[in-house]
$ cat target-v1.cif   # mmCIF, C-alpha atoms
data_entry
loop_
_atom_site.label_atom_id
_atom_site.label_comp_id
_atom_site.auth_asym_id
_atom_site.auth_seq_id
_atom_site.Cartn_x
_atom_site.Cartn_y
_atom_site.Cartn_z
CA MET V 1 0.00 0.00 0.00
CA PRO V 2 1.50 3.38 -0.99
CA THR V 3 2.37 5.71 1.83
CA THR V 4 1.60 9.39 2.24
CA PRO V 5 4.56 11.74 2.76
CA ARG V 6 4.83 12.88 6.36
CA THR V 7 6.09 16.28 5.28
CA THR V 8 7.40 17.73 2.06
CA ASP V 9 9.34 20.77 3.26
CA TYR V 10 11.99 19.07 5.37
CA PHE V 11 14.84 20.32 3.16
CA LYS V 12 13.74 23.89 3.84
CA ARG V 13 13.07 23.30 7.55
CA ALA V 14 16.49 21.71 8.13
CA GLU V 15 18.41 23.62 5.45
CA ALA V 16 21.35 24.26 7.79
CA GLY V 17 21.73 20.51 8.17
CA PHE V 18 21.18 19.54 4.55
CA LYS V 19 23.63 22.06 3.05
CA PRO V 20 26.67 20.34 4.60
CA LEU V 21 25.31 16.98 3.43
CA TYR V 22 25.23 18.27 -0.15
CA ALA V 23 28.83 19.44 0.37
CA VAL V 24 29.80 15.92 1.47
CA GLU V 25 28.23 14.57 -1.73
CA ALA V 26 30.18 17.11 -3.78
CA GLY V 27 33.38 16.12 -1.98
CA ILE V 28 32.81 12.45 -2.78
CA ARG V 29 32.43 13.34 -6.46
CA THR V 30 35.91 14.95 -6.39
CA SER V 31 37.46 11.60 -5.44
CA THR V 32 38.86 9.15 -7.96
CA LEU V 33 35.92 6.81 -7.42
CA GLU V 34 34.08 6.28 -10.70
CA MET V 35 30.52 7.61 -10.93
CA PRO V 36 29.18 4.28 -12.27
CA LEU V 37 30.59 2.59 -9.16
CA LEU V 38 29.03 5.22 -6.88
CA HIS V 39 25.67 4.71 -8.61
CA LEU V 40 25.84 0.94 -8.05
CA MET V 41 26.77 1.37 -4.39
CA ALA V 42 24.00 3.88 -3.74
CA LEU V 43 21.45 1.72 -5.49
CA ARG V 44 22.50 -1.43 -3.62
CA ALA V 45 22.30 0.26 -0.21
CA SER V 46 18.92 1.73 -1.14
CA GLN V 47 17.66 -1.71 -2.19
CA ILE V 48 18.76 -3.23 1.12
CA ASN V 49 17.09 -0.38 3.03
CA ALA V 50 13.97 -0.57 0.82
CA CYS V 51 14.10 3.16 0.13
CA ALA V 52 11.79 3.57 -2.86
CA TYR V 53 12.67 7.24 -3.30
CA CYS V 54 16.42 6.57 -3.48
CA ILE V 55 16.03 3.45 -5.64
CA GLN V 56 14.19 5.49 -8.28
CA VAL V 57 16.72 8.34 -8.09
CA HIS V 58 19.76 6.10 -8.40
CA VAL V 59 18.31 3.94 -11.18
CA ALA V 60 17.46 7.13 -13.10
CA GLU V 61 20.93 8.61 -12.53
CA ALA V 62 22.66 5.37 -13.53
CA LEU V 63 20.61 5.04 -16.72
CA LYS V 64 21.32 8.67 -17.65
CA ALA V 65 25.03 7.99 -17.14
CA GLY V 66 24.90 5.02 -19.51
CA GLU V 67 24.54 2.08 -17.14
CA THR V 68 22.84 -0.95 -18.67
CA PRO V 69 19.42 -2.06 -17.51
CA LEU V 70 20.69 -5.63 -17.17
CA ARG V 71 23.38 -4.67 -14.64
CA LEU V 72 20.81 -2.68 -12.66
CA HIS V 73 18.35 -5.59 -12.70
CA MET V 74 21.03 -8.07 -11.64
CA LEU V 75 22.43 -5.92 -8.83
CA PRO V 76 20.67 -7.77 -5.97
CA ALA V 77 22.35 -10.95 -7.26
CA TRP V 78 25.77 -9.40 -7.98
CA ARG V 79 27.60 -12.24 -6.23
CA GLU V 80 26.18 -14.77 -8.72
CA SER V 81 26.57 -12.62 -11.84
CA PRO V 82 29.68 -12.19 -14.02
CA LEU V 83 28.58 -8.65 -14.94
CA TYR V 84 30.60 -6.90 -12.20
CA SER V 85 34.33 -6.26 -11.97
CA GLU V 86 36.47 -7.24 -8.98
CA ARG V 87 36.60 -3.58 -7.96
CA GLU V 88 32.80 -3.35 -8.11
CA ARG V 89 32.48 -6.60 -6.16
CA ALA V 90 34.73 -5.28 -3.41
CA ALA V 91 32.72 -2.05 -3.22
CA LEU V 92 29.40 -3.88 -3.22
CA ALA V 93 30.53 -6.28 -0.49
CA TRP V 94 31.64 -3.29 1.63
CA THR V 95 28.37 -1.50 0.87
CA GLU V 96 26.37 -4.46 2.11
CA ALA V 97 28.61 -4.93 5.15
CA LEU V 98 28.27 -1.31 6.27
CA THR V 99 24.58 -1.00 5.39
CA LEU V 100 23.92 -4.07 7.55
CA VAL V 101 26.64 -3.21 10.08
CA ALA V 102 24.59 -4.25 13.12
CA GLU V 103 24.46 -7.76 11.64
CA THR V 104 27.87 -7.95 9.97
CA GLY V 105 30.22 -5.99 12.21
CA ALA V 106 32.10 -4.86 9.08
CA PRO V 107 33.99 -8.12 8.49
CA ASP V 108 37.75 -8.17 7.94
CA ALA V 109 37.26 -10.35 4.85
CA ASP V 110 35.21 -7.61 3.17
CA TRP V 111 37.74 -4.98 4.22
CA ALA V 112 40.53 -7.08 2.70
CA LEU V 113 38.71 -6.98 -0.65
CA VAL V 114 38.48 -3.19 -0.36
CA GLU V 115 42.17 -2.91 0.51
CA ALA V 116 43.10 -4.98 -2.54
CA ALA V 117 40.99 -2.93 -4.97
CA PHE V 118 41.19 0.67 -3.72
CA THR V 119 43.84 3.18 -2.69
CA GLU V 120 43.87 4.50 0.87
CA ASP V 121 42.17 7.72 -0.21
CA GLU V 122 39.56 5.79 -2.20
CA ARG V 123 38.83 3.57 0.81
CA ALA V 124 38.07 6.68 2.85
CA PHE V 125 35.73 8.08 0.19
CA LEU V 126 34.16 4.66 -0.41
CA THR V 127 33.25 4.34 3.26
CA LEU V 128 32.02 7.93 3.43
CA SER V 129 29.86 7.35 0.36
CA ILE V 130 28.23 4.30 1.95
CA ALA V 131 27.58 6.19 5.18
CA THR V 132 26.06 9.07 3.21
CA ILE V 133 23.61 6.98 1.19
CA ASN V 134 22.49 5.23 4.36
CA LEU V 135 21.81 8.63 5.92
CA TRP V 136 19.83 9.71 2.83
CA ASN V 137 17.84 6.46 2.93
CA ARG V 138 16.86 7.05 6.52
CA VAL V 139 15.80 10.64 5.84
CA GLN V 140 13.68 9.72 2.81
CA ILE V 141 12.14 6.66 4.48
CA GLY V 142 11.49 8.59 7.68
CA PHE V 143 9.59 11.31 5.85
CA ARG V 144 7.95 8.80 3.49
CA ALA V 145 9.25 10.70 0.45
CA ALA V 146 7.32 9.90 -2.72
CA HIS V 147 9.46 8.44 -5.49
CA GLY V 148 9.42 9.58 -9.10
CA MET V 149 7.17 7.71 -11.48
CA THR V 150 9.39 7.62 -14.57
CA LEU V 151 12.84 6.59 -15.69
CA PRO V 152 14.94 7.85 -18.58
CA GLU V 153 15.52 5.63 -21.58
CA ALA V 154 18.67 3.51 -21.34
CA GLN V 155 21.61 4.62 -23.44
CA THR V 156 22.09 2.36 -26.46
CA HIS V 157 25.86 2.77 -26.32
CA ALA V 158 26.19 1.63 -22.70
CA ALA V 159 28.68 -1.12 -22.04
#
$ encode --input "target-v1.cif" --output "structure tokens"
Amino acid sequence: MPTTPRTTDYFKRAEAGFKPLYAVEAGIRTSTLEMPLLHLMALRASQINACAYCIQVHVAEALKAGETPLRLHMLPAWRESPLYSERERAALAWTEALTLVAETGAPDADWALVEAAFTEDERAFLTLSIATINLWNRVQIGFRAAHGMTLPEAQTHAA
């Protein structure tokens, strides 16, 4: 059953809190982490958290950036699919570990994958990115934000 938004002006009401969050997002985009990777991580965390608003946003952004629909559809089963690189697998494992941190405790085995695939600076931004999307998920779920009802067409040249 669809939910009704609890409020729609929370960005305005807490502007002093949201502005720094947008700055964190901008800082993450200055890192050497690839945008397609960031899209996959944000989408995977949003799927785990069942944040409809963020799922729609991140699918739309990924499609606009040229991601393939198949990779987006297969994302919940990334461990069983050959569609993802070792770097993506490490990031997705870390995304799941931190999104479910109360259950996982951020396992050393997942961290070892991150260490093997990312520089020290990238590891810092990777972890910050995961923390940020989890914060966004909680805000949007908490306010019952309504998700968009459309998606852009997939790019035909996407790899």
$ atom_distance --input "target-v1.cif" --atom1 "CA of Gln47 in chain V" --atom2 "CA of Leu72 in chain V"
11.0 Å
$ resolve_selection --input "target-v1.cif" --expression "the PyMOL selection byres ((chain V and resi 51-62) around 8)" --output "NGL selection string"
:V and (36 or 39-40 or 42-43 or 46-50 or 63-67 or 72 or 136-138 or 140-141 or 145-148 or 151-152)
$ residues_near_point --input "target-v1.cif" --point "(34.4, -3.9, -8.7)" --cutoff "10 Å" --atoms "all atoms listed in the file" --output "PyMOL selection string"
chain V and resi 37+40+83-93+113-114+117-118
$ atom_distance --input "target-v1.cif" --atom1 "CA of Ile130 in chain V" --atom2 "CA of Arg144 in chain V"
20.8 Å
$ residues_near_point --input "target-v1.cif" --point "(32.7, 4.7, 4.4)" --cutoff "12 Å" --atoms "all atoms listed in the file" --output "number ranges by chain"
V: 24, 28, 38, 41-42, 91-92, 94-99, 101, 106, 111, 114, 120-135
$ atom_distance --input "target-v1.cif" --atom1 "CA of Ala116 in chain V" --atom2 "CA of Pro69 in chain V"
28.2 Å
$ closest_residue --input "target-v1.cif" --among "V:Pro2, V:Arg44, V:Glu103, V:Thr32" --to "Ala77 in chain V" --atoms "only C-alpha atoms"
V:Arg44
